Amino acid sequence: MRKQRLTILLVLVLATAAVYAVFFSKLIPGPDRGGKTITVVLKSLNVRSDYWQAVISGAQTAAKELGVRLDLQGPLQESDVEGQIAALRDAIARKPAAIAVAPMDDPRIPELLGDVRAAGIKLVVMDTPLALKNPPAFVANDHLQAGRLAGDAAARAAGEAPAVAVFSDSQKAPISNQRYAGIEQAMKAHGGRISGIYYSGDSEQLAYEFTVALLRTNPKVNAFIALNENATLGVAKAIKEAKKTNAYKLIGFESSIYEIQLLEEGTVDALVVQKPFNVGYLGVKTAVKAAGGRKTDRTTLIGSTVVTRANMNDPEIQRLMFPFPVIQ
Amino acid sequence: MPRERPLRLPIFPLKSIQSSISFAFSCVILAAILSISLISYQLSVGAVEKNSQGYIEEIIKQVNTNIQSYVDNMENISLLAMTSKDVKYYISDNSFISPEERRPYEKRISDLFQAILYTRQDIANLMVFGYNGRFVSDRRITDLNPNADIAQQAWYKDAKAAGGRSVISAPHIQNIIQNEYRWVVSLSRELKSTDGITAEGVFLVDLNLSVINDLASNINLGKRGYVFIVDRKGNIVYHPQQQLINSNLTAELIPEVTAAKSGSSFIADDDKGKRIYSIQDTSFGWKIVGVAYTDDLIASKGTIRNSILLYALCGLGISLLISFWLSYRLSRPIRNLQADMKLVERGNFGIQTEIGQMNEIGQLGRTFNMMVGRIKTLMDEIIQNQESKRKSELQLLQAQINPHFLYNTLDSIVWMAEQKQHEEVVLMTSALAKLFRASITKDQEIVPIRVEAEHIANYLLIQKMRYESQLDYEIDIADDIMRNKTLKILLQPFVENAIYHGIRGSADKGLIAIRGMRVGDNVVFEVEDNGQGMTPEQLQRLLLPEDGEDRKGIGIRNVDERIKLYFGREYGVHIRSEREVGTCVTITIPIL
């Protein structure tokens with residue numbers, strides 16, 4: 001009897017100790033942070049590229065929030081494929097916990113990304129889709145949704161029966177093709193039609209010339225959707241010169257100062273603005289998650305926002321259009 | 001036979017007292033050390049946390065003061081513009097300034113503004129807009145953005161609505177100047193005419209947002225800490241993660257912050273981690289909020305934890321060793337006793353266990369020693385008793401078939417047969433037969449008194465026939481004890497003694513009287529003769545242990561011992577004797 005009581009007492013004491021330990025152990029180990037390095041390989045580290053700078057600041061914000069070390073790599077120019085391949089090779093050699101990469105269009109890249117995984121490094125692909133076996137986590141702008149938004153904006157601006165001319169860069173550009181698909185969806189929904197697609201590359205002049213010709217020959221078009229900045233500027237120039245800014249609606253993409261000025265003066269009716277900050281932020285967040293061995297969403301798509309004259313002074317929109325360096 | 005066990009016990013046997021004691025010790029020590037280290041960890045972390053909370057409050061106060069001083073400066077600049085006669089005159093509706101005169105005015109105002117701007121790198125724009133349509137800025141040539149309607153600007157509308165008080169805007173893009181898009185915070189104020197009533201224009205000071213950004217980013221609130229600003233209504237004025245908040249990727253504790261008083265702080269603990277919010281109000285309505293993650297701040301948390309853990313482990317190790325040693329010490333006397341008990345178990349009663357201190361275990365050892373000693377005496381006694389019992393039985397057997405007696409009796413029978421005394425022969429032979437029958441009932445040691453009486457009667461009959469006139473006898477045994485029990489052949493040795501030593505040598509006719517009666521709780525037999533009697537020396541010799549081979553029959557002493565063995569020490573034989581008078585033997589046994 002006595003012995004039993006002693007045993008019960010001991011069990012009680014031990015149980016109390018265990019409860020204590022469990023209750024306070026939450027404080028003791030804490031979330032495992034620090035020490036981990038996430039390498040982000042972008043297409044460009046150019047400080048003059050607003051888009052990539054916004055991606056970088058998103059990545060930095062996430063790194064700070066999650067307490068990981070951020071290693072930014074990439075070429076200076078977006079056309080420097082060799083630079084990105086070298087950066088990826090170096091990154092693999094340094095063996096970070098995870099690599100988040102915005103891959104360029106080159107046949108050697110998928111192979112390199114295979115090496116990344118073979119080295120036991122978690123992989124996250126950002127910005128540009130990539131055909132890989134067993135696709136890694138993917139974080140990018142939702143270009144289809146952006147296209148739909150552009151189509152919706154065109155339909156709203158043009159009133160009934162929108163007839164849009166779409167200016168794209170090239171037939172092979174996957175992003176532009178997705179945007180185009182989105183526009184098609186929107187047209188279907190609004191009962192409009194796409195009267196033609198024009199490929200102007202990244203030449204403002206070409207877009208201008210196409211538009212001038214178009215305005216002469218095909219008066220049935222009532223809206224233009226330009227899928228990149230240069231096309232937007234080219235089309236706007238042509239419309240402005242023809243003094244037909246009221247007759248023709250123009251929906252552009254991205255948000256350079258020139259485009260914003262065109263929006264202010266009314267030549268451009270709406271701009272579809274992406275959220276590269278969110279791409280960087282969610283890219284790093286997903287990479288940290290993957291490095292921590294947790295389940296990640298296979299695909300994270302980030303929606304765009306339509307900016308018009310009506311909402312361009314909202315602080316939220318201003319944040320998007322004029323990326324302000326965040327506190328690091 | 002118990003299984004053989006090694007005498008030396010292992011150092012740490014399970015299920016032993018030693019292991020129980022050390023287990024109990026260990027549990028208690030473990031629990032004590034665990035709780036003490038946790039509590040001390042908790043206390044030290046709490047203290048550090050409290051300190052850092054105060055430290056953050058201090059930092060945010062500093063940030064507040066800095067921002068406040070920027071705003072105060074803007075306010076002072078606005079006062080400067082307000083009191084400038086040139087400005088007043090320039091925007092006044094009542095003044096008549098011809099287009100030719102405008103330039104010098106504009107130049108003077110612009111110079112004033114430029115002078116201010118030279119000293120202040122943080123100011124982006126200084127501008128005055130008269131309701132009369134005139135405007136002056138800090139630049140010589142100012143191209144306004146044709147597409148930006150000043151009347152629609154928030155700072156312009158708010159200043160008009162405030163009626164002379166200065167208004168601070170939220171950070172925004174200032175786009176009124178052509179080709180300039182800058183993040184600024186605007187302070188605007190409506191200018192009154194000299195009468196102080198009529199509103200004549202709006203004055204604007206733009207502070208570069210980068211100033212606030214630098215201010216906030218240079219604050220060290222740990223690796224992940226940050227500063228943000230909300231206005232009175234809880235709208236975020238400035239937040240490093242504003243874009244994330246807009247995209248609903250993260251959220252801020254706005255209701256808690258707006259509810260908190262200036263100078264206070266609170267601790268939030270959610271999935272983002274434990275962090276301290278410290279709030280300071282500015283005079284113009286902003287709340288400066290510092291957020292710091294406790295994990296970052298309390299850099300020593302890990303050190304505290306590790307050192308406490310280390311000390312706890314050391315303490316644990318040492319106290320566990322001590323508990324093993326203590327339990328070994330405490331249980332050693334018990335183990336010794338146990339080892340000695342094992343020896344006793346194997347039959348060694350000669351040992352005495354060593355008694356250390358006179359504690360419970362010492363007393364146990366003493367009792368054990370006493371017990372072993374008693375067992376030893378008892379066993380010796382039993383062995384001795386068994387031996388003498390065996391001996392007396394052997395002698396009893398001898399007595400029953402005493403060859404001399406048999407020979408003499410048979411001789412008498414032969415003699416009587418020669419004398420043709422048939423009846424006597426029959427009588428004697430049948431008495432002899434009965435005598436033997438009684439004595440060969442070997443298995444029964446205890447017989448009824450009736451049987452013993454018959455036996456002695458048969459014996460005396462035979463002796464009477466042998467000694468004829470020389471011997472006379474009488475047997476008087478009470479009827480009420482006939483059914484009681486007695487030892488077999490109890491009386492015969494005394495009767496034999498009386499005949500051979502008392503009566504045979506005496507010249508007179510011998511008389512043997514045998515009596516049996518109940519006295520109290522005992523049965524008493526008396527065998528009395530009127531023979532030679534004995535001298536005290538003879539009597540003494542009789543009671544000594546028999547030593548000669550010549551002694552025939554059973555010694556008196558043996559009978560006495562037999563009685564004592566069977567019935568106890570208080571029973572036995574008592575002899576009275578007097579020379580030339582006779583001998584009387586009294587035998588006392590219990591009633592059975």
# chains A, B, ... in the order shown; residues from 1 in each chain; ligands from 1
>>> residues_around(residues="A:Arg117", least_positions_apart="5", cutoff="12 Å", atoms="only C-alpha atoms", output="PyMOL selection string")
chain A and resi 92+95-100+110-112+122-124+132-136+291
>>> write_last_selection(atoms="C-alpha atoms", output="CSV table (one decimal), in the first residue's frame")
chain,number,residue,atom,x,y,z
A,92,ILE,CA,24.8,24.3,-57.2
A,95,LYS,CA,24.8,23.8,-52.1
A,96,PRO,CA,22.1,26.2,-50.6
A,97,ALA,CA,19.0,24.7,-49.0
A,98,ALA,CA,16.9,25.7,-52.0
A,99,ILE,CA,17.2,27.5,-55.3
A,100,ALA,CA,14.5,29.7,-56.7
A,110,PRO,CA,16.3,22.2,-67.8
A,111,GLU,CA,19.3,19.9,-67.7
A,112,LEU,CA,20.9,22.2,-65.1
A,122,LYS,CA,15.0,22.0,-53.4
A,123,LEU,CA,13.9,23.7,-56.6
A,124,VAL,CA,11.3,26.4,-57.2
A,132,LEU,CA,10.3,19.6,-66.6
A,133,LYS,CA,9.7,16.0,-65.7
A,134,ASN,CA,8.1,15.9,-62.3
A,135,PRO,CA,7.4,19.6,-62.3
A,136,PRO,CA,8.9,21.6,-59.4
A,291,ALA,CA,13.7,23.5,-47.8
>>> residues_around(residues="A:Glu264", least_positions_apart="6", cutoff="10 Å", atoms="only C-alpha atoms", output="VMD selection string")
(chain A and resid 258 270 308 to 310 312) or (chain B and resid 145 to 148 175)
>>> write_last_selection(atoms="all heavy atoms", output="JSON list (two decimals), in the first residue's frame")
[["chain", "number", "residue", "atom", "x", "y", "z"],
["A", 258, "TYR", "N", 6.39, 56.40, -68.93],
["A", 258, "TYR", "CA", 5.77, 56.87, -70.17],
["A", 258, "TYR", "C", 4.33, 56.35, -70.28],
["A", 258, "TYR", "O", 3.43, 57.05, -70.66],
["A", 258, "TYR", "CB", 6.59, 56.41, -71.37],
["A", 258, "TYR", "CG", 8.05, 56.79, -71.22],
["A", 258, "TYR", "CD1", 9.02, 55.84, -70.98],
["A", 258, "TYR", "CD2", 8.41, 58.14, -71.26],
["A", 258, "TYR", "CE1", 10.34, 56.21, -70.80],
["A", 258, "TYR", "CE2", 9.72, 58.52, -71.08],
["A", 258, "TYR", "CZ", 10.69, 57.56, -70.85],
["A", 258, "TYR", "OH", 11.98, 57.92, -70.67],
["A", 270, "ALA", "N", -6.32, 51.84, -69.93],
["A", 270, "ALA", "CA", -6.06, 51.00, -68.76],
["A", 270, "ALA", "C", -4.72, 50.33, -68.93],
["A", 270, "ALA", "O", -4.28, 50.06, -70.06],
["A", 270, "ALA", "CB", -7.15, 49.94, -68.58],
["A", 308, "THR", "N", -6.59, 52.23, -63.96],
["A", 308, "THR", "CA", -7.24, 53.21, -64.84],
["A", 308, "THR", "C", -7.04, 54.59, -64.23],
["A", 308, "THR", "O", -6.46, 54.71, -63.15],
["A", 308, "THR", "CB", -8.74, 52.91, -64.96],
["A", 308, "THR", "OG1", -9.32, 53.03, -63.67],
["A", 308, "THR", "CG2", -9.01, 51.52, -65.50],
["A", 309, "ARG", "N", -7.52, 55.57, -64.91],
["A", 309, "ARG", "CA", -7.38, 56.93, -64.35],
["A", 309, "ARG", "C", -8.14, 57.04, -63.04],
["A", 309, "ARG", "O", -7.78, 57.83, -62.17],
["A", 309, "ARG", "CB", -7.93, 57.97, -65.35],
["A", 309, "ARG", "CG", -7.01, 58.16, -66.52],
["A", 309, "ARG", "CD", -7.53, 59.26, -67.41],
["A", 309, "ARG", "NE", -7.15, 60.57, -66.90],
["A", 309, "ARG", "CZ", -7.53, 61.72, -67.47],
["A", 309, "ARG", "NH1", -8.31, 61.69, -68.53],
["A", 309, "ARG", "NH2", -7.14, 62.87, -66.99],
["A", 310, "ALA", "N", -9.20, 56.28, -62.93],
["A", 310, "ALA", "CA", -10.04, 56.39, -61.74],
["A", 310, "ALA", "C", -9.33, 55.91, -60.48],
["A", 310, "ALA", "O", -9.51, 56.46, -59.41],
["A", 310, "ALA", "CB", -11.33, 55.60, -61.94],
["A", 312, "MET", "N", -5.89, 55.33, -60.23],
["A", 312, "MET", "CA", -4.43, 55.44, -60.23],
["A", 312, "MET", "C", -3.87, 56.24, -59.05],
["A", 312, "MET", "O", -2.68, 56.20, -58.78],
["A", 312, "MET", "CB", -3.91, 56.04, -61.55],
["A", 312, "MET", "CG", -4.29, 57.47, -61.80],
["A", 312, "MET", "SD", -3.66, 58.01, -63.39],
["A", 312, "MET", "CE", -1.91, 58.00, -63.10],
["B", 145, "ASN", "N", 2.14, 69.23, -64.43],
["B", 145, "ASN", "CA", 1.63, 68.09, -65.20],
["B", 145, "ASN", "C", 0.25, 68.46, -65.72],
["B", 145, "ASN", "O", -0.66, 68.70, -64.93],
["B", 145, "ASN", "CB", 1.56, 66.87, -64.28],
["B", 145, "ASN", "CG", 1.16, 65.62, -65.02],
["B", 145, "ASN", "OD1", 0.67, 65.70, -66.14],
["B", 145, "ASN", "ND2", 1.36, 64.47, -64.38],
["B", 146, "PRO", "N", 0.10, 68.55, -67.04],
["B", 146, "PRO", "CA", -1.18, 69.01, -67.57],
["B", 146, "PRO", "C", -2.33, 68.06, -67.24],
["B", 146, "PRO", "O", -3.49, 68.44, -67.23],
["B", 146, "PRO", "CB", -0.94, 69.10, -69.07],
["B", 146, "PRO", "CG", 0.21, 68.17, -69.32],
["B", 146, "PRO", "CD", 1.08, 68.24, -68.10],
["B", 147, "ASN", "N", -1.95, 66.82, -66.98],
["B", 147, "ASN", "CA", -3.00, 65.83, -66.76],
["B", 147, "ASN", "C", -3.35, 65.66, -65.28],
["B", 147, "ASN", "O", -4.20, 64.83, -64.95],
["B", 147, "ASN", "CB", -2.59, 64.49, -67.33],
["B", 147, "ASN", "CG", -2.31, 64.60, -68.81],
["B", 147, "ASN", "OD1", -3.15, 65.10, -69.56],
["B", 147, "ASN", "ND2", -1.12, 64.19, -69.22],
["B", 148, "ALA", "N", -2.61, 66.35, -64.41],
["B", 148, "ALA", "CA", -2.92, 66.21, -62.99],
["B", 148, "ALA", "C", -3.69, 67.42, -62.51],
["B", 148, "ALA", "O", -3.18, 68.54, -62.54],
["B", 148, "ALA", "CB", -1.62, 66.08, -62.19],
["B", 175, "ASN", "N", 2.56, 63.93, -58.39],
["B", 175, "ASN", "CA", 2.65, 63.96, -59.85],
["B", 175, "ASN", "C", 2.27, 65.30, -60.44],
["B", 175, "ASN", "O", 1.97, 65.40, -61.63],
["B", 175, "ASN", "CB", 1.79, 62.84, -60.46],
["B", 175, "ASN", "CG", 0.34, 63.00, -60.11],
["B", 175, "ASN", "OD1", -0.01, 63.80, -59.24],
["B", 175, "ASN", "ND2", -0.52, 62.25, -60.79]]
>>> closest_residue(among="B:Asp111, B:Glu496, B:Asp521, B:Asp122", to="B:Asn208", atoms="only C-alpha atoms")
B:Asp122
>>> closest_residue(among="B:Thr303, B:Ser193, B:Ser35, B:Gln357", to="chain A", atoms="only C-alpha atoms")
B:Ser35
>>> select_by_dssp(residues="stretch 93-250 of chain A", states="helix (DSSP H, G or I)", output="number ranges by chain")
A: 93-94, 108-118, 143-158, 174-190, 204-217, 229-241
>>> interface_residues(of="chain B", to="chain A", cutoff="7 Å", atoms="only C-alpha atoms", output="list in words")
Cys27, Ala31, Leu34, Ser35, Asn147, His172, Ile173, Asn213, Ser217, Lys223, Arg224, Pro240, Gln243 and Asn246 of chain B
>>> select_by_dssp(residues="stretch 446-537 of chain B", states="strand (DSSP E)", output="VMD selection string")
chain B and resid 446 to 448 471 to 477 485 to 487 510 to 519 522 to 529
>>> write_last_selection(atoms="N, CA, C and O atoms", output="short mmCIF file (atom, residue, chain, number, x, y, z; two decimals), in the first residue's frame")
data_model
loop_
_atom_site.label_atom_id
_atom_site.label_comp_id
_atom_site.auth_asym_id
_atom_site.auth_seq_id
_atom_site.Cartn_x
_atom_site.Cartn_y
_atom_site.Cartn_z
N ILE B 446 1.77 -45.57 24.94
CA ILE B 446 0.84 -45.15 25.98
C ILE B 446 -0.30 -46.18 26.02
O ILE B 446 -0.86 -46.50 24.98
N VAL B 447 -0.58 -46.67 27.21
CA VAL B 447 -1.65 -47.67 27.36
C VAL B 447 -2.59 -47.21 28.47
O VAL B 447 -2.19 -46.42 29.33
N PRO B 448 -3.84 -47.75 28.51
CA PRO B 448 -4.71 -47.44 29.64
C PRO B 448 -4.13 -48.00 30.94
O PRO B 448 -3.41 -49.00 30.93
N LEU B 471 7.35 -63.40 49.79
CA LEU B 471 6.79 -62.16 49.18
C LEU B 471 5.28 -62.11 49.31
O LEU B 471 4.62 -63.12 49.12
N ASP B 472 4.83 -60.95 49.65
CA ASP B 472 3.38 -60.69 49.64
C ASP B 472 3.15 -59.35 48.95
O ASP B 472 3.99 -58.47 48.97
N TYR B 473 2.01 -59.26 48.32
CA TYR B 473 1.78 -57.95 47.65
C TYR B 473 0.33 -57.56 47.65
O TYR B 473 -0.54 -58.40 47.82
N GLU B 474 0.11 -56.28 47.45
CA GLU B 474 -1.28 -55.81 47.29
C GLU B 474 -1.31 -54.67 46.24
O GLU B 474 -0.42 -53.82 46.18
N ILE B 475 -2.32 -54.77 45.42
CA ILE B 475 -2.47 -53.75 44.37
C ILE B 475 -3.76 -52.99 44.64
O ILE B 475 -4.81 -53.58 44.77
N ASP B 476 -3.62 -51.70 44.74
CA ASP B 476 -4.82 -50.89 45.03
C ASP B 476 -4.83 -49.68 44.10
O ASP B 476 -4.24 -48.63 44.40
N ILE B 477 -5.48 -49.87 43.00
CA ILE B 477 -5.56 -48.76 42.04
C ILE B 477 -7.00 -48.30 41.94
O ILE B 477 -7.90 -49.12 41.73
N LYS B 485 -4.68 -42.87 30.93
CA LYS B 485 -3.55 -43.48 30.23
C LYS B 485 -2.28 -43.30 31.02
O LYS B 485 -2.10 -42.37 31.80
N THR B 486 -1.38 -44.23 30.76
CA THR B 486 -0.06 -44.13 31.37
C THR B 486 0.98 -44.69 30.42
O THR B 486 0.62 -45.25 29.37
N LEU B 487 2.25 -44.51 30.73
CA LEU B 487 3.30 -45.10 29.92
C LEU B 487 3.32 -46.60 30.15
O LEU B 487 3.06 -47.08 31.25
N GLY B 510 8.47 -60.15 52.88
CA GLY B 510 8.38 -58.82 52.22
C GLY B 510 6.96 -58.51 51.76
O GLY B 510 6.25 -59.41 51.33
N LEU B 511 6.65 -57.23 51.83
CA LEU B 511 5.31 -56.81 51.36
C LEU B 511 5.51 -55.65 50.37
O LEU B 511 6.22 -54.67 50.64
N ILE B 512 4.90 -55.85 49.20
CA ILE B 512 4.94 -54.74 48.21
C ILE B 512 3.53 -54.22 48.03
O ILE B 512 2.62 -55.01 47.76
N ALA B 513 3.40 -52.94 48.26
CA ALA B 513 2.07 -52.33 48.10
C ALA B 513 2.11 -51.38 46.90
O ALA B 513 2.98 -50.50 46.81
N ILE B 514 1.18 -51.60 45.97
CA ILE B 514 1.10 -50.72 44.81
C ILE B 514 -0.21 -49.97 44.88
O ILE B 514 -1.26 -50.58 44.97
N ARG B 515 -0.09 -48.64 44.83
CA ARG B 515 -1.30 -47.83 44.91
C ARG B 515 -1.35 -46.87 43.71
O ARG B 515 -0.33 -46.42 43.21
N GLY B 516 -2.57 -46.65 43.33
CA GLY B 516 -2.75 -45.67 42.22
C GLY B 516 -3.93 -44.79 42.53
O GLY B 516 -4.97 -45.31 42.92
N MET B 517 -3.76 -43.51 42.44
CA MET B 517 -4.87 -42.61 42.81
C MET B 517 -4.72 -41.28 42.06
O MET B 517 -3.70 -40.99 41.42
N ARG B 518 -5.78 -40.57 42.20
CA ARG B 518 -5.78 -39.25 41.57
C ARG B 518 -5.50 -38.20 42.63
O ARG B 518 -6.16 -38.16 43.65
N VAL B 519 -4.50 -37.36 42.34
CA VAL B 519 -4.21 -36.28 43.28
C VAL B 519 -4.23 -34.97 42.48
O VAL B 519 -3.35 -34.71 41.66
N ASN B 522 -3.28 -34.73 38.73
CA ASN B 522 -2.29 -35.75 38.40
C ASN B 522 -2.76 -37.14 38.83
O ASN B 522 -3.64 -37.29 39.64
N VAL B 523 -2.08 -38.08 38.21
CA VAL B 523 -2.26 -39.45 38.69
C VAL B 523 -0.97 -39.82 39.41
O VAL B 523 0.13 -39.56 38.89
N VAL B 524 -1.10 -40.36 40.61
CA VAL B 524 0.09 -40.71 41.40
C VAL B 524 0.06 -42.21 41.69
O VAL B 524 -0.94 -42.75 42.11
N PHE B 525 1.23 -42.83 41.33
CA PHE B 525 1.39 -44.25 41.69
C PHE B 525 2.41 -44.33 42.80
O PHE B 525 3.39 -43.55 42.81
N GLU B 526 2.18 -45.26 43.73
CA GLU B 526 3.18 -45.48 44.78
C GLU B 526 3.55 -46.96 44.80
O GLU B 526 2.69 -47.82 44.72
N VAL B 527 4.83 -47.21 44.87
CA VAL B 527 5.32 -48.60 45.02
C VAL B 527 6.10 -48.63 46.33
O VAL B 527 7.17 -48.01 46.43
N GLU B 528 5.52 -49.29 47.31
CA GLU B 528 6.13 -49.27 48.64
C GLU B 528 6.51 -50.69 49.05
O GLU B 528 5.78 -51.63 48.81
N ASP B 529 7.68 -50.78 49.66
CA ASP B 529 8.05 -52.11 50.19
C ASP B 529 8.57 -51.95 51.61
O ASP B 529 8.92 -50.84 52.03
#
>>> atom_distance(atom1="atom CA of B:Trp415", atom2="atom CA of B:Ser506")
23.9 Å
>>> atom_distance(atom1="atom CA of B:Leu539", atom2="atom CA of B:Val559")
15.2 Å
>>> residues_around(residues="A:Met104", least_positions_apart="3", cutoff="9 Å", atoms="only C-alpha atoms", output="list of chain:residue names")
A:Leu42, A:Lys43, A:Glu78, A:Ser79, A:Asp80, A:Val81, A:Gln84, A:Ile109, A:Thr128
>>> closest_residue(among="A:Leu45, A:Val125, A:Ile225, A:Ala93", to="A:Val284", atoms="only C-alpha atoms")
A:Val125
>>> atom_distance(atom1="atom CA of B:Arg102", atom2="atom CA of B:Tyr90")
8.0 Å
>>> closest_residue(among="A:Ala119, A:Ala54, A:Ile194, A:Leu70", to="A:Tyr180", atoms="only C-alpha atoms")
A:Ile194
>>> residues_around(residues="stretch 404-410 of chain B", least_positions_apart="6", cutoff="9 Å", atoms="only C-alpha atoms", output="CSV table (one decimal) with N, CA and C atoms, in the first residue's frame")
chain,number,residue,atom,x,y,z
B,428,MET,N,1.1,-70.0,36.3
B,428,MET,CA,2.3,-69.2,36.0
B,428,MET,C,2.5,-69.0,34.5
B,429,THR,N,2.3,-70.1,33.8
B,429,THR,CA,2.6,-70.0,32.3
B,429,THR,C,1.6,-69.0,31.7
B,432,LEU,N,2.8,-65.6,32.5
B,432,LEU,CA,3.9,-65.2,31.7
B,432,LEU,C,3.5,-64.9,30.3
B,462,ILE,N,3.7,-63.9,39.0
B,462,ILE,CA,4.9,-64.8,38.7
B,462,ILE,C,5.9,-64.7,39.9
B,463,GLN,N,6.2,-63.5,40.3
B,463,GLN,CA,7.2,-63.4,41.3
B,463,GLN,C,6.7,-64.0,42.6
B,466,ARG,N,7.3,-67.6,42.6
B,466,ARG,CA,8.7,-68.0,42.7
B,466,ARG,C,9.1,-67.9,44.2
>>> residues_around(residues="A:Gly191", least_positions_apart="6", cutoff="9 Å", atoms="only C-alpha atoms", output="number ranges by chain")
A: 155, 160-162
>>> write_last_selection(atoms="N, CA and C atoms", output="PDB file, in the first residue's frame")
ATOM      1  N   ALA A 155     -13.295  45.676 -73.217  1.00  0.00           N
ATOM      2  CA  ALA A 155     -14.735  45.588 -73.427  1.00  0.00           C
ATOM      3  C   ALA A 155     -15.449  46.712 -72.687  1.00  0.00           C
ATOM      4  N   GLU A 160     -20.298  48.306 -76.247  1.00  0.00           N
ATOM      5  CA  GLU A 160     -20.763  47.038 -76.834  1.00  0.00           C
ATOM      6  C   GLU A 160     -19.905  46.646 -78.034  1.00  0.00           C
ATOM      7  N   ALA A 161     -19.885  45.345 -78.288  1.00  0.00           N
ATOM      8  CA  ALA A 161     -19.190  44.747 -79.427  1.00  0.00           C
ATOM      9  C   ALA A 161     -17.759  45.237 -79.591  1.00  0.00           C
ATOM     10  N   PRO A 162     -16.905  44.903 -78.617  1.00  0.00           N
ATOM     11  CA  PRO A 162     -15.505  45.287 -78.787  1.00  0.00           C
ATOM     12  C   PRO A 162     -14.856  44.490 -79.917  1.00  0.00           C
TER      13      PRO A 162
END
>>> closest_residue(among="A:Thr245, A:Ser304, A:Ser255, A:Asn141", to="A:Ala102", atoms="only C-alpha atoms")
A:Asn141
>>> residues_around(residues="A:Ala86", least_positions_apart="5", cutoff="9 Å", atoms="only C-alpha atoms", output="list in words")
Gly74, Pro75, Val81 and Ala91 of chain A
